[in-house]
Amino acid sequence: MCGIVAYVGKREAYPILIKGLQRLEYRGYDSAGIAILNTNGLHIYKKKGKVNDLIEFTSKKDTQATIGIGHTRWATHGEPNDVNAHPHLSENQDVVIIHNGIIENYDSIRTALIKEGHTFRSETDTEVLAHLIEVIQEEENVDISEAVRIALTKVVGAYAIVVMSKKEPTKIVAARKGSPLVVGIGDAENEFFLASDASPIVEYTKNVVYIKEEEIVTIDTETGFTLKTIDDEIQTPFIQQLDLKIEAIEKGEYEHYMLKEIHQQPATVADAMRGRLNVKRGLITLGGVSEFENRFKAADRLIIVACGTSWIAGLIGEYLFEDLARIPTEVEYGSEFRYRNPIISNKDIIVAISQSGETADTLAAIQLAKEKDALIYGICNVVGSSLARVTDAGSYIHAGPEIGVASTKAFTGQITLLTLMALQLAHKRGAISQSYYFQLLNELENLPSKIQQVIDMDAKIKHIASVWKDVEDALYLGRGYNFPIALEGALKLKEISYIHAEGYPAGEMKHGPIALIDENMPVIIIATNESSREKVISNIQEVKARKGQVLAIVTEGDDQIASIADHFIAIPKTEEPLTPLLSVVPLQLLAYHIAVMRGCDVDQPRNLAKSVTVE
């Protein structure tokens with residue numbers, strides 16, 4: 001949540017900041033702002049709304065400078081407006097700050113500062129930190145870097161911050177705790193870029209340093225780059241090479257990032273399996289699983305911890321691990337896990353799932369589990385993320401940057417990884433027959449081409465979307481492996497079209513949701529499960545008896561279910577544990593087309609942000 005970008009060097013800062021904010025806008029888009037320092041002083045321009053509103057606002061302003069900071073906001077403290085937009089100033093207006101995160105003890109600090117005569121212009125927790133830094137700088141007679149370090153020893157919460165001072169116009173100071181921050185090292189001497197992730201940096205340099213927890217970086221056009229901890233211990237920066245191409249963060253020929261990412265799934269699912277699946281040799285090799293093979297084989301249970309769409313992927317993981325590997329598995333919301341005093345032992349394995357690797361609730365849950373000596377296995381998409389650094393082992397899904405706020409390719413990448421894990425463990429534990437194991441391996445190898453077949457049905461799905469684009473509610477039903485897909489389909493529709501939708505186990509429909517069904521209620525039923533085929537048919541008949549409109553996701557050749565539904569989409573036949581990777585795709589496209597037809601902002605739906613770095 002919230003996007004941070006900064007530049008110091010010899011180039012014009014403004015275009016770098018603006019382009020960076022556009023690339024980070026998926027992290028928050030309630031407001032945007034920049035601050036630049038030039039010979040005429042400190043200039044702050046900020047505006048409620050999207051980055052384009054900021055561009056219009058600054059079109060005739062003084063923006064010439066070679067040092068500056070920028071921010072795009074997802075509101076936490078204070079409503080989205082011009083005043084609460086970042087950057088924020090200190091009392092004497094010498095110190096300017098941008099911030100991603102939450103300062104939990106801001107109210108007590110604010111109260112103390114008000115007693116000392118400070119006046120606050122905004123409702124934000126961030127402004128409090130700017131005032132505190134100023135006070136320390138004046139009272140302790142220290143430079144801006146040391147003032148920031150001391151201030152951070154007095155705050156509680158999560159943050160990535162970037163600070164400038166009019167008194168030290170060649171410096172930028174940045175720090176992080178619980179929110180991501182990366183520094184790009186430019187080609188020119190003493191040229192640096194800072195951002196919440198690598199997307200604003202990749203155009204200018206491949207050399208980056210991922211700032212670690214409770215580290216502070218000071219960048220000076222005269223003295224260069226210094227790194228230390230909040231405890232004032234000097235650190236040696238570890239410079240990494242970015243493995244990211246500029247094309248990966250652009251829409252290309254697609255109207256929206258979400259559509260591009262849906263269409264990428266044949267390739268991203270294949271990428272998730274590449275180097276890990278060897279059908280000819282009958283091998284699945286996930287390095288992290290192999291490294292801790294004995295711990296996995298002896299585990300009392302797996303606990304999957306995640307939030308949002310990743311949590312739904314975890315539900316599918318529960319079916320996979322219990323069905324195939326015969327390991328007891330529980331799925332927990334990261335946001336609830338640590339607040340209910342869970343029972344965890346060193347015989348448990350925590351599987352933490354997060355697309356960004358920065359989800360605050362999931363990271364907090366991991367910390368609790370580590371204190372209980374559980375093994376932590378991470379599944380994420382972003383190299384160098386916090387999740388990758390704090391887990392004992394793990395796997396990247398290799399989906400590439402996912403810019404659309406509503407997750408699509410990351411979701412199928414997560415399911416692919418969970419399937420590989422379950423099959424590797426099933427094989428090692430002898431929990432699955434050799435014939436069925438090889439059957440599933442062969443089907444996994446064929447899935448990318450089958451996903452493409454589903455995507456090729458886009459015109460038919462778009463037609464169904466045109467029929468239902470004006471509905472107010474929708475119900476999604478599924479059984480077994482496809483119950484979580486019902487949840488995911490409903491979530492996608494809610495997220496991007498703002499239509500109220502609910503996902504339910506199909507067998508639970510008659511225990512409540514059936515009361516809602518009438519001729520205006522579309523019901524989407526994932527009807528590909530051969531193991532519960534007759535029960536699914538009964539569910540469809542129950543809906544039809546109450547005049548509900550049915551869209552059935554069926555298996556190719558299933559003419560019986562197709563004939564009783566109002567609409568149907570036939571996906572290629574595959575083994576039941578693998579059906580979620582196919583059945584979710586038409587639901588992604590359905591939600592996408594309905595949202596577009598309703599005039600919704602598909603890539604940046606209201607009130608949401610991509611990377612949830614606050615609790």
# chains A, B, ... in the order shown; residues from 1 in each chain; ligands from 1

$ residues_around --residues "A:Ser199" --least-positions-apart "4" --cutoff "12 Å" --atoms "only C-alpha atoms" --output "JSON, numbers by chain"
{"A": [3, 4, 5, 16, 19, 20, 21, 22, 23, 24, 25, 26, 27, 181, 182, 183, 184, 193, 194, 195, 203, 204, 205, 206, 208, 242, 243, 244, 245, 246, 247, 248, 249, 250, 382, 400, 401, 402, 403]}

$ residues_around --residues "stretch 430-442 of chain A" --least-positions-apart "6" --cutoff "8 Å" --atoms "only C-alpha atoms" --output "list in words"
Leu277, Val279, Gly282, Leu324, Ala325, Arg326, Leu423 and Glu575 of chain A

$ closest_residue --among "A:Thr119, A:Ile499, A:Lys228, A:Leu375" --to "A:Phe292" --atoms "only C-alpha atoms"
A:Leu375

$ residues_around --residues "stretch 464-470 of chain A" --least-positions-apart "3" --cutoff "9 Å" --atoms "only C-alpha atoms" --output "list in words"
Ala459, Lys460, Ile461, Ser497, Ile499, Pro522, Leu551, His567, Leu589, Leu590, Ala591, Tyr592, His593, Ile594, Ala595, Met597 and Arg598 of chain A

$ select_by_dssp --residues "stretch 226-380 of chain A" --states "strand (DSSP E)" --output "VMD selection string"
chain A and resid 226 to 229 234 to 235 240 to 241 277 to 278 283 to 284 301 to 306 329 to 333 348 to 354 375 to 380

$ write_last_selection --atoms "N, CA, C and O atoms" --output "short mmCIF file (atom, residue, chain, number, x, y, z; two decimals), in the first residue's frame"
data_model
loop_
_atom_site.label_atom_id
_atom_site.label_comp_id
_atom_site.auth_asym_id
_atom_site.auth_seq_id
_atom_site.Cartn_x
_atom_site.Cartn_y
_atom_site.Cartn_z
N THR A 226 25.51 5.64 2.01
CA THR A 226 25.89 5.01 3.28
C THR A 226 24.69 4.28 3.86
O THR A 226 23.54 4.73 3.71
N LEU A 227 24.95 3.17 4.51
CA LEU A 227 23.89 2.31 5.04
C LEU A 227 24.23 1.93 6.47
O LEU A 227 25.36 1.55 6.78
N LYS A 228 23.23 2.05 7.35
CA LYS A 228 23.43 1.63 8.73
C LYS A 228 22.10 1.18 9.32
O LYS A 228 21.04 1.38 8.73
N THR A 229 22.17 0.58 10.49
CA THR A 229 20.96 0.15 11.17
C THR A 229 20.43 1.27 12.05
O THR A 229 21.12 2.27 12.31
N ILE A 234 27.12 0.47 11.07
CA ILE A 234 27.38 0.60 9.64
C ILE A 234 27.23 -0.76 8.96
O ILE A 234 27.69 -1.78 9.46
N GLN A 235 26.57 -0.77 7.79
CA GLN A 235 26.33 -1.99 7.02
C GLN A 235 27.00 -1.87 5.65
O GLN A 235 27.17 -0.77 5.11
N GLN A 240 22.59 -6.20 -6.00
CA GLN A 240 22.05 -7.29 -6.81
C GLN A 240 21.72 -6.80 -8.21
O GLN A 240 21.53 -5.60 -8.44
N GLN A 241 21.64 -7.75 -9.13
CA GLN A 241 21.26 -7.44 -10.50
C GLN A 241 19.77 -7.70 -10.68
O GLN A 241 19.28 -8.80 -10.37
N LEU A 277 9.54 -29.76 -12.93
CA LEU A 277 8.76 -30.92 -13.38
C LEU A 277 9.50 -31.62 -14.51
O LEU A 277 9.79 -31.01 -15.54
N ASN A 278 9.83 -32.88 -14.30
CA ASN A 278 10.47 -33.70 -15.32
C ASN A 278 9.62 -34.94 -15.52
O ASN A 278 9.72 -35.91 -14.76
N LEU A 283 9.89 -36.98 -12.06
CA LEU A 283 10.41 -36.24 -10.92
C LEU A 283 9.77 -34.85 -10.79
O LEU A 283 9.55 -34.17 -11.77
N ILE A 284 9.51 -34.49 -9.57
CA ILE A 284 9.21 -33.10 -9.21
C ILE A 284 10.24 -32.69 -8.19
O ILE A 284 10.45 -33.39 -7.19
N ARG A 301 1.37 -31.63 10.78
CA ARG A 301 0.39 -30.95 9.95
C ARG A 301 1.06 -29.78 9.23
O ARG A 301 2.13 -29.30 9.63
N LEU A 302 0.40 -29.34 8.18
CA LEU A 302 0.77 -28.12 7.50
C LEU A 302 -0.25 -27.05 7.88
O LEU A 302 -1.45 -27.33 7.95
N ILE A 303 0.23 -25.83 8.10
CA ILE A 303 -0.66 -24.70 8.34
C ILE A 303 -0.38 -23.67 7.25
O ILE A 303 0.72 -23.12 7.18
N ILE A 304 -1.35 -23.45 6.39
CA ILE A 304 -1.20 -22.48 5.31
C ILE A 304 -1.73 -21.14 5.80
O ILE A 304 -2.86 -21.04 6.28
N VAL A 305 -0.90 -20.11 5.69
CA VAL A 305 -1.25 -18.76 6.17
C VAL A 305 -1.18 -17.80 4.99
O VAL A 305 -0.18 -17.74 4.28
N ALA A 306 -2.25 -17.05 4.78
CA ALA A 306 -2.30 -16.13 3.64
C ALA A 306 -3.47 -15.17 3.83
O ALA A 306 -4.24 -15.29 4.79
N THR A 329 -3.93 -30.68 7.04
CA THR A 329 -3.64 -29.31 6.63
C THR A 329 -4.73 -28.37 7.11
O THR A 329 -5.91 -28.70 7.03
N GLU A 330 -4.31 -27.22 7.60
CA GLU A 330 -5.25 -26.17 7.99
C GLU A 330 -4.91 -24.90 7.20
O GLU A 330 -3.76 -24.67 6.84
N VAL A 331 -5.93 -24.08 6.96
CA VAL A 331 -5.73 -22.83 6.24
C VAL A 331 -6.20 -21.69 7.14
O VAL A 331 -7.32 -21.71 7.64
N GLU A 332 -5.32 -20.72 7.34
CA GLU A 332 -5.59 -19.63 8.27
C GLU A 332 -5.49 -18.28 7.56
O GLU A 332 -4.60 -18.07 6.73
N TYR A 333 -6.37 -17.37 7.93
CA TYR A 333 -6.19 -15.97 7.53
C TYR A 333 -5.01 -15.40 8.31
O TYR A 333 -4.96 -15.49 9.55
N ASP A 348 5.14 -28.74 13.29
CA ASP A 348 4.28 -28.12 12.29
C ASP A 348 5.13 -27.43 11.23
O ASP A 348 6.24 -26.98 11.50
N ILE A 349 4.57 -27.32 10.04
CA ILE A 349 5.19 -26.56 8.96
C ILE A 349 4.21 -25.49 8.52
O ILE A 349 3.05 -25.78 8.20
N ILE A 350 4.67 -24.25 8.52
CA ILE A 350 3.85 -23.12 8.08
C ILE A 350 4.17 -22.85 6.62
O ILE A 350 5.33 -22.64 6.25
N VAL A 351 3.15 -22.87 5.78
CA VAL A 351 3.30 -22.50 4.37
C VAL A 351 2.68 -21.12 4.21
O VAL A 351 1.47 -20.95 4.30
N ALA A 352 3.53 -20.12 4.03
CA ALA A 352 3.07 -18.73 3.93
C ALA A 352 3.01 -18.33 2.46
O ALA A 352 4.00 -18.50 1.73
N ILE A 353 1.87 -17.79 2.03
CA ILE A 353 1.68 -17.44 0.62
C ILE A 353 1.39 -15.95 0.51
O ILE A 353 0.50 -15.43 1.20
N SER A 354 2.12 -15.27 -0.35
CA SER A 354 1.91 -13.84 -0.59
C SER A 354 2.47 -13.49 -1.95
O SER A 354 3.64 -13.77 -2.22
N LEU A 375 8.81 -24.83 11.12
CA LEU A 375 9.49 -24.59 9.85
C LEU A 375 8.60 -23.69 9.00
O LEU A 375 7.39 -23.92 8.87
N ILE A 376 9.19 -22.65 8.40
CA ILE A 376 8.43 -21.70 7.59
C ILE A 376 8.82 -21.86 6.12
O ILE A 376 10.00 -21.71 5.76
N TYR A 377 7.82 -22.16 5.29
CA TYR A 377 8.04 -22.31 3.85
C TYR A 377 7.24 -21.22 3.14
O TYR A 377 6.04 -21.08 3.37
N GLY A 378 7.91 -20.45 2.31
CA GLY A 378 7.25 -19.32 1.65
C GLY A 378 6.98 -19.57 0.18
O GLY A 378 7.78 -20.20 -0.52
N ILE A 379 5.85 -19.08 -0.28
CA ILE A 379 5.52 -19.07 -1.70
C ILE A 379 5.20 -17.63 -2.08
O ILE A 379 4.25 -17.05 -1.56
N CYS A 380 6.02 -17.03 -2.93
CA CYS A 380 5.78 -15.66 -3.32
C CYS A 380 6.28 -15.41 -4.74
O CYS A 380 6.83 -16.30 -5.39
#

$ select_by_dssp --residues "stretch 178-326 of chain A" --states "helix (DSSP H, G or I)" --output "ChimeraX atom specification"
/A:246-249,257-263,265-273,287-291,293-298,308-325

$ residues_around --residues "A:Glu472" --least-positions-apart "3" --cutoff "9 Å" --atoms "only C-alpha atoms" --output "PDB file with N, CA and C atoms, in the first residue's frame"
ATOM      1  N   LYS A 469     -24.283  -7.987 -17.166  1.00  0.00           N
ATOM      2  CA  LYS A 469     -23.500  -6.843 -16.697  1.00  0.00           C
ATOM      3  C   LYS A 469     -24.259  -5.926 -15.741  1.00  0.00           C
ATOM      4  N   TYR A 498     -17.774  -4.285  -8.634  1.00  0.00           N
ATOM      5  CA  TYR A 498     -18.549  -3.771  -7.501  1.00  0.00           C
ATOM      6  C   TYR A 498     -19.943  -4.392  -7.431  1.00  0.00           C
ATOM      7  N   ILE A 499     -20.108  -5.547  -8.039  1.00  0.00           N
ATOM      8  CA  ILE A 499     -21.350  -6.311  -7.890  1.00  0.00           C
ATOM      9  C   ILE A 499     -21.212  -7.195  -6.661  1.00  0.00           C
ATOM     10  N   HIS A 500     -22.224  -7.193  -5.808  1.00  0.00           N
ATOM     11  CA  HIS A 500     -22.180  -8.068  -4.639  1.00  0.00           C
ATOM     12  C   HIS A 500     -22.234  -9.517  -5.100  1.00  0.00           C
ATOM     13  N   ALA A 501     -21.281 -10.320  -4.658  1.00  0.00           N
ATOM     14  CA  ALA A 501     -21.224 -11.728  -5.057  1.00  0.00           C
ATOM     15  C   ALA A 501     -20.727 -12.555  -3.881  1.00  0.00           C
ATOM     16  N   ASN A 520     -33.768 -12.853 -11.114  1.00  0.00           N
ATOM     17  CA  ASN A 520     -32.742 -11.818 -11.264  1.00  0.00           C
ATOM     18  C   ASN A 520     -31.378 -12.230 -10.711  1.00  0.00           C
ATOM     19  N   MET A 521     -31.288 -13.440 -10.183  1.00  0.00           N
ATOM     20  CA  MET A 521     -30.050 -13.877  -9.540  1.00  0.00           C
ATOM     21  C   MET A 521     -29.271 -14.837 -10.436  1.00  0.00           C
TER      22      MET A 521
END

$ residues_around --residues "A:Lys48" --least-positions-apart "6" --cutoff "9 Å" --atoms "only C-alpha atoms" --output "mmCIF file with all heavy atoms, in the first residue's frame"
data_model
loop_
_atom_site.group_PDB
_atom_site.id
_atom_site.type_symbol
_atom_site.label_atom_id
_atom_site.label_comp_id
_atom_site.auth_asym_id
_atom_site.auth_seq_id
_atom_site.Cartn_x
_atom_site.Cartn_y
_atom_site.Cartn_z
ATOM 1 N N TYR A 29 -4.010 4.743 -4.984
ATOM 2 C CA TYR A 29 -4.334 5.790 -5.953
ATOM 3 C C TYR A 29 -5.410 6.730 -5.432
ATOM 4 O O TYR A 29 -6.242 7.226 -6.161
ATOM 5 C CB TYR A 29 -4.744 5.177 -7.300
ATOM 6 C CG TYR A 29 -5.431 3.827 -7.193
ATOM 7 C CD1 TYR A 29 -6.799 3.710 -6.987
ATOM 8 C CD2 TYR A 29 -4.678 2.663 -7.288
ATOM 9 C CE1 TYR A 29 -7.405 2.474 -6.887
ATOM 10 C CE2 TYR A 29 -5.291 1.418 -7.188
ATOM 11 C CZ TYR A 29 -6.648 1.322 -6.986
ATOM 12 O OH TYR A 29 -7.238 0.089 -6.875
ATOM 13 N N ASP A 30 -5.362 6.976 -4.105
ATOM 14 C CA ASP A 30 -6.272 7.962 -3.514
ATOM 15 C C ASP A 30 -5.789 9.392 -3.750
ATOM 16 O O ASP A 30 -6.583 10.321 -3.844
ATOM 17 C CB ASP A 30 -6.410 7.730 -2.002
ATOM 18 C CG ASP A 30 -7.149 6.447 -1.673
ATOM 19 O OD1 ASP A 30 -7.986 6.029 -2.499
ATOM 20 O OD2 ASP A 30 -6.901 5.864 -0.611
ATOM 21 N N SER A 31 -4.464 9.558 -3.788
ATOM 22 C CA SER A 31 -3.877 10.877 -4.034
ATOM 23 C C SER A 31 -2.432 10.672 -4.445
ATOM 24 O O SER A 31 -1.879 9.579 -4.302
ATOM 25 C CB SER A 31 -3.959 11.770 -2.791
ATOM 26 O OG SER A 31 -3.253 11.188 -1.707
ATOM 27 N N ALA A 32 -1.804 11.720 -4.937
ATOM 28 C CA ALA A 32 -0.404 11.648 -5.349
ATOM 29 C C ALA A 32 0.257 12.993 -5.115
ATOM 30 O O ALA A 32 -0.405 14.041 -5.128
ATOM 31 C CB ALA A 32 -0.294 11.258 -6.825
ATOM 32 N N GLY A 33 1.576 12.963 -4.892
ATOM 33 C CA GLY A 33 2.284 14.215 -4.662
ATOM 34 C C GLY A 33 3.780 14.069 -4.832
ATOM 35 O O GLY A 33 4.314 12.959 -4.796
ATOM 36 N N LEU A 54 -2.302 14.838 -10.754
ATOM 37 C CA LEU A 54 -1.104 15.543 -10.309
ATOM 38 C C LEU A 54 -0.348 16.129 -11.499
ATOM 39 O O LEU A 54 0.148 17.266 -11.426
ATOM 40 C CB LEU A 54 -0.200 14.583 -9.530
ATOM 41 C CG LEU A 54 1.141 15.140 -9.069
ATOM 42 C CD1 LEU A 54 0.945 16.256 -8.044
ATOM 43 C CD2 LEU A 54 2.015 14.029 -8.490
ATOM 44 N N PRO A 80 -9.042 10.666 1.852
ATOM 45 C CA PRO A 80 -8.279 11.101 0.675
ATOM 46 C C PRO A 80 -8.649 12.534 0.287
ATOM 47 O O PRO A 80 -9.781 12.802 -0.102
ATOM 48 C CB PRO A 80 -8.716 10.109 -0.412
ATOM 49 C CG PRO A 80 -9.326 8.950 0.310
ATOM 50 C CD PRO A 80 -9.929 9.520 1.550
ATOM 51 N N ASN A 81 -7.720 13.439 0.439
ATOM 52 C CA ASN A 81 -7.920 14.821 -0.024
ATOM 53 C C ASN A 81 -6.552 15.460 -0.251
ATOM 54 O O ASN A 81 -5.507 14.836 -0.012
ATOM 55 C CB ASN A 81 -8.775 15.629 0.957
ATOM 56 C CG ASN A 81 -8.187 15.707 2.358
ATOM 57 O OD1 ASN A 81 -6.975 15.689 2.540
ATOM 58 N ND2 ASN A 81 -9.052 15.793 3.359
ATOM 59 N N ASP A 82 -6.552 16.709 -0.695
ATOM 60 C CA ASP A 82 -5.292 17.388 -0.997
ATOM 61 C C ASP A 82 -4.423 17.555 0.243
ATOM 62 O O ASP A 82 -3.199 17.419 0.177
ATOM 63 C CB ASP A 82 -5.568 18.769 -1.607
ATOM 64 C CG ASP A 82 -6.216 18.697 -2.985
ATOM 65 O OD1 ASP A 82 -6.317 17.578 -3.527
ATOM 66 O OD2 ASP A 82 -6.612 19.747 -3.513
ATOM 67 N N VAL A 83 -5.045 17.857 1.367
ATOM 68 C CA VAL A 83 -4.277 18.133 2.589
ATOM 69 C C VAL A 83 -3.611 16.867 3.123
ATOM 70 O O VAL A 83 -2.441 16.884 3.533
ATOM 71 C CB VAL A 83 -5.188 18.759 3.672
ATOM 72 C CG1 VAL A 83 -4.438 18.918 4.987
ATOM 73 C CG2 VAL A 83 -5.714 20.105 3.195
ATOM 74 N N ASN A 84 -4.330 15.773 3.125
ATOM 75 C CA ASN A 84 -3.785 14.525 3.668
ATOM 76 C C ASN A 84 -2.836 13.818 2.700
ATOM 77 O O ASN A 84 -2.149 12.869 3.081
ATOM 78 C CB ASN A 84 -4.922 13.573 4.055
ATOM 79 C CG ASN A 84 -5.675 14.052 5.283
ATOM 80 O OD1 ASN A 84 -5.094 14.680 6.164
ATOM 81 N ND2 ASN A 84 -6.964 13.773 5.340
ATOM 82 N N ALA A 85 -2.819 14.243 1.451
ATOM 83 C CA ALA A 85 -1.889 13.666 0.485
ATOM 84 C C ALA A 85 -0.452 13.919 0.925
ATOM 85 O O ALA A 85 -0.144 14.918 1.579
ATOM 86 C CB ALA A 85 -2.130 14.271 -0.899
#

$ residues_around --residues "A:Tyr339" --least-positions-apart "3" --cutoff "12 Å" --atoms "only C-alpha atoms" --output "PyMOL selection string"
chain A and resi 332-336+342-343+361+364-365+368+615

$ write_last_selection --atoms "C-alpha atoms" --output "mmCIF file, in the first residue's frame"
data_model
loop_
_atom_site.group_PDB
_atom_site.id
_atom_site.type_symbol
_atom_site.label_atom_id
_atom_site.label_comp_id
_atom_site.auth_asym_id
_atom_site.auth_seq_id
_atom_site.Cartn_x
_atom_site.Cartn_y
_atom_site.Cartn_z
ATOM 1 C CA GLU A 332 -5.595 -19.629 8.268
ATOM 2 C CA TYR A 333 -6.188 -15.971 7.533
ATOM 3 C CA GLY A 334 -2.960 -14.140 8.268
ATOM 4 C CA SER A 335 -5.014 -11.306 9.747
ATOM 5 C CA GLU A 336 -6.559 -13.618 12.377
ATOM 6 C CA PRO A 342 -2.853 -20.670 17.964
ATOM 7 C CA ILE A 343 -1.302 -23.962 19.032
ATOM 8 C CA ASP A 361 -0.626 -9.771 8.276
ATOM 9 C CA ALA A 364 3.252 -11.049 11.393
ATOM 10 C CA ALA A 365 1.842 -14.591 11.429
ATOM 11 C CA LEU A 368 4.657 -15.818 15.663
ATOM 12 C CA GLU A 615 -2.370 -4.540 9.295
#

$ residues_around --residues "stretch 120-132 of chain A" --least-positions-apart "3" --cutoff "7 Å" --atoms "only C-alpha atoms" --output "PyMOL selection string"
chain A and resi 77-78+83-84+88-91+95-97+99+102-103+106+110+135-136+151

$ closest_residue --among "A:Leu418, A:Ala198, A:Ala393, A:Leu387" --to "A:Pro577" --atoms "only C-alpha atoms"
A:Leu418

$ closest_residue --among "A:Asp187, A:Asp456, A:Asp559, A:Glu261" --to "A:Val405" --atoms "only C-alpha atoms"
A:Glu261

$ closest_residue --among "A:Lys177, A:Arg295, A:Leu315, A:Ala360" --to "A:Asn346" --atoms "only C-alpha atoms"
A:Arg295

$ closest_residue --among "A:Gly117, A:Gly308, A:Pro448, A:Gly287" --to "A:Gly394" --atoms "only C-alpha atoms"
A:Gly287

$ closest_atom_pairs --of "stretch 585-610 of chain A" --to "stretch 407-412 of chain A" --cutoff "10 Å" --atoms "only C-alpha atoms" --output "Markdown table"
| residue | atom | partner | partner_atom | distance |
| --- | --- | --- | --- | --- |
| A:Val585 | CA | A:Thr408 | CA | 8.3 |
| A:Gln588 | CA | A:Thr408 | CA | 7.1 |
| A:Leu589 | CA | A:Thr408 | CA | 9.8 |
| A:Asp603 | CA | A:Ser407 | CA | 9.9 |
| A:Lys610 | CA | A:Ser407 | CA | 8.4 |

$ write_last_selection --atoms "all heavy atoms" --output "PDB file, in the first residue's frame"
ATOM      1  N   VAL A 585     -10.184 -19.689 -14.966  1.00  0.00           N
ATOM      2  CA  VAL A 585      -9.893 -18.757 -16.065  1.00  0.00           C
ATOM      3  C   VAL A 585     -11.161 -18.135 -16.661  1.00  0.00           C
ATOM      4  O   VAL A 585     -11.216 -16.912 -16.850  1.00  0.00           O
ATOM      5  CB  VAL A 585      -9.032 -19.437 -17.146  1.00  0.00           C
ATOM      6  CG1 VAL A 585      -8.775 -18.488 -18.315  1.00  0.00           C
ATOM      7  CG2 VAL A 585      -7.712 -19.914 -16.548  1.00  0.00           C
ATOM      8  N   GLN A 588     -12.329 -15.429 -14.338  1.00  0.00           N
ATOM      9  CA  GLN A 588     -11.523 -14.208 -14.435  1.00  0.00           C
ATOM     10  C   GLN A 588     -11.993 -13.362 -15.610  1.00  0.00           C
ATOM     11  O   GLN A 588     -12.176 -12.148 -15.485  1.00  0.00           O
ATOM     12  CB  GLN A 588     -10.050 -14.572 -14.616  1.00  0.00           C
ATOM     13  CG  GLN A 588      -9.416 -15.270 -13.426  1.00  0.00           C
ATOM     14  CD  GLN A 588      -8.025 -15.802 -13.752  1.00  0.00           C
ATOM     15  OE1 GLN A 588      -7.641 -15.922 -14.925  1.00  0.00           O
ATOM     16  NE2 GLN A 588      -7.251 -16.122 -12.734  1.00  0.00           N
ATOM     17  N   LEU A 589     -12.174 -14.003 -16.754  1.00  0.00           N
ATOM     18  CA  LEU A 589     -12.596 -13.273 -17.956  1.00  0.00           C
ATOM     19  C   LEU A 589     -14.012 -12.730 -17.804  1.00  0.00           C
ATOM     20  O   LEU A 589     -14.309 -11.611 -18.255  1.00  0.00           O
ATOM     21  CB  LEU A 589     -12.504 -14.185 -19.179  1.00  0.00           C
ATOM     22  CG  LEU A 589     -11.088 -14.460 -19.684  1.00  0.00           C
ATOM     23  CD1 LEU A 589     -11.083 -15.629 -20.665  1.00  0.00           C
ATOM     24  CD2 LEU A 589     -10.490 -13.214 -20.335  1.00  0.00           C
ATOM     25  N   ASP A 603      -8.041  -2.103 -13.584  1.00  0.00           N
ATOM     26  CA  ASP A 603      -6.714  -2.289 -13.005  1.00  0.00           C
ATOM     27  C   ASP A 603      -6.562  -1.654 -11.631  1.00  0.00           C
ATOM     28  O   ASP A 603      -5.726  -2.089 -10.836  1.00  0.00           O
ATOM     29  CB  ASP A 603      -5.642  -1.710 -13.943  1.00  0.00           C
ATOM     30  CG  ASP A 603      -5.427  -2.565 -15.177  1.00  0.00           C
ATOM     31  OD1 ASP A 603      -5.670  -3.782 -15.102  1.00  0.00           O
ATOM     32  OD2 ASP A 603      -5.035  -2.007 -16.221  1.00  0.00           O
ATOM     33  N   LYS A 610      -2.603  -3.062  -4.246  1.00  0.00           N
ATOM     34  CA  LYS A 610      -2.021  -4.350  -4.606  1.00  0.00           C
ATOM     35  C   LYS A 610      -1.293  -5.014  -3.450  1.00  0.00           C
ATOM     36  O   LYS A 610      -1.481  -6.177  -3.170  1.00  0.00           O
ATOM     37  CB  LYS A 610      -1.053  -4.151  -5.782  1.00  0.00           C
ATOM     38  CG  LYS A 610      -0.476  -5.449  -6.334  1.00  0.00           C
ATOM     39  CD  LYS A 610      -1.547  -6.289  -6.982  1.00  0.00           C
ATOM     40  CE  LYS A 610      -0.994  -7.535  -7.621  1.00  0.00           C
ATOM     41  NZ  LYS A 610      -2.075  -8.380  -8.161  1.00  0.00           N
TER      42      LYS A 610
END

$ atom_distance --atom1 "atom CA of A:Lys347" --atom2 "atom CA of A:Ile366"
15.2 Å

$ closest_residue --among "A:Ala552, A:Ile415, A:Met258, A:Leu320" --to "A:Val602" --atoms "only C-alpha atoms"
A:Met258
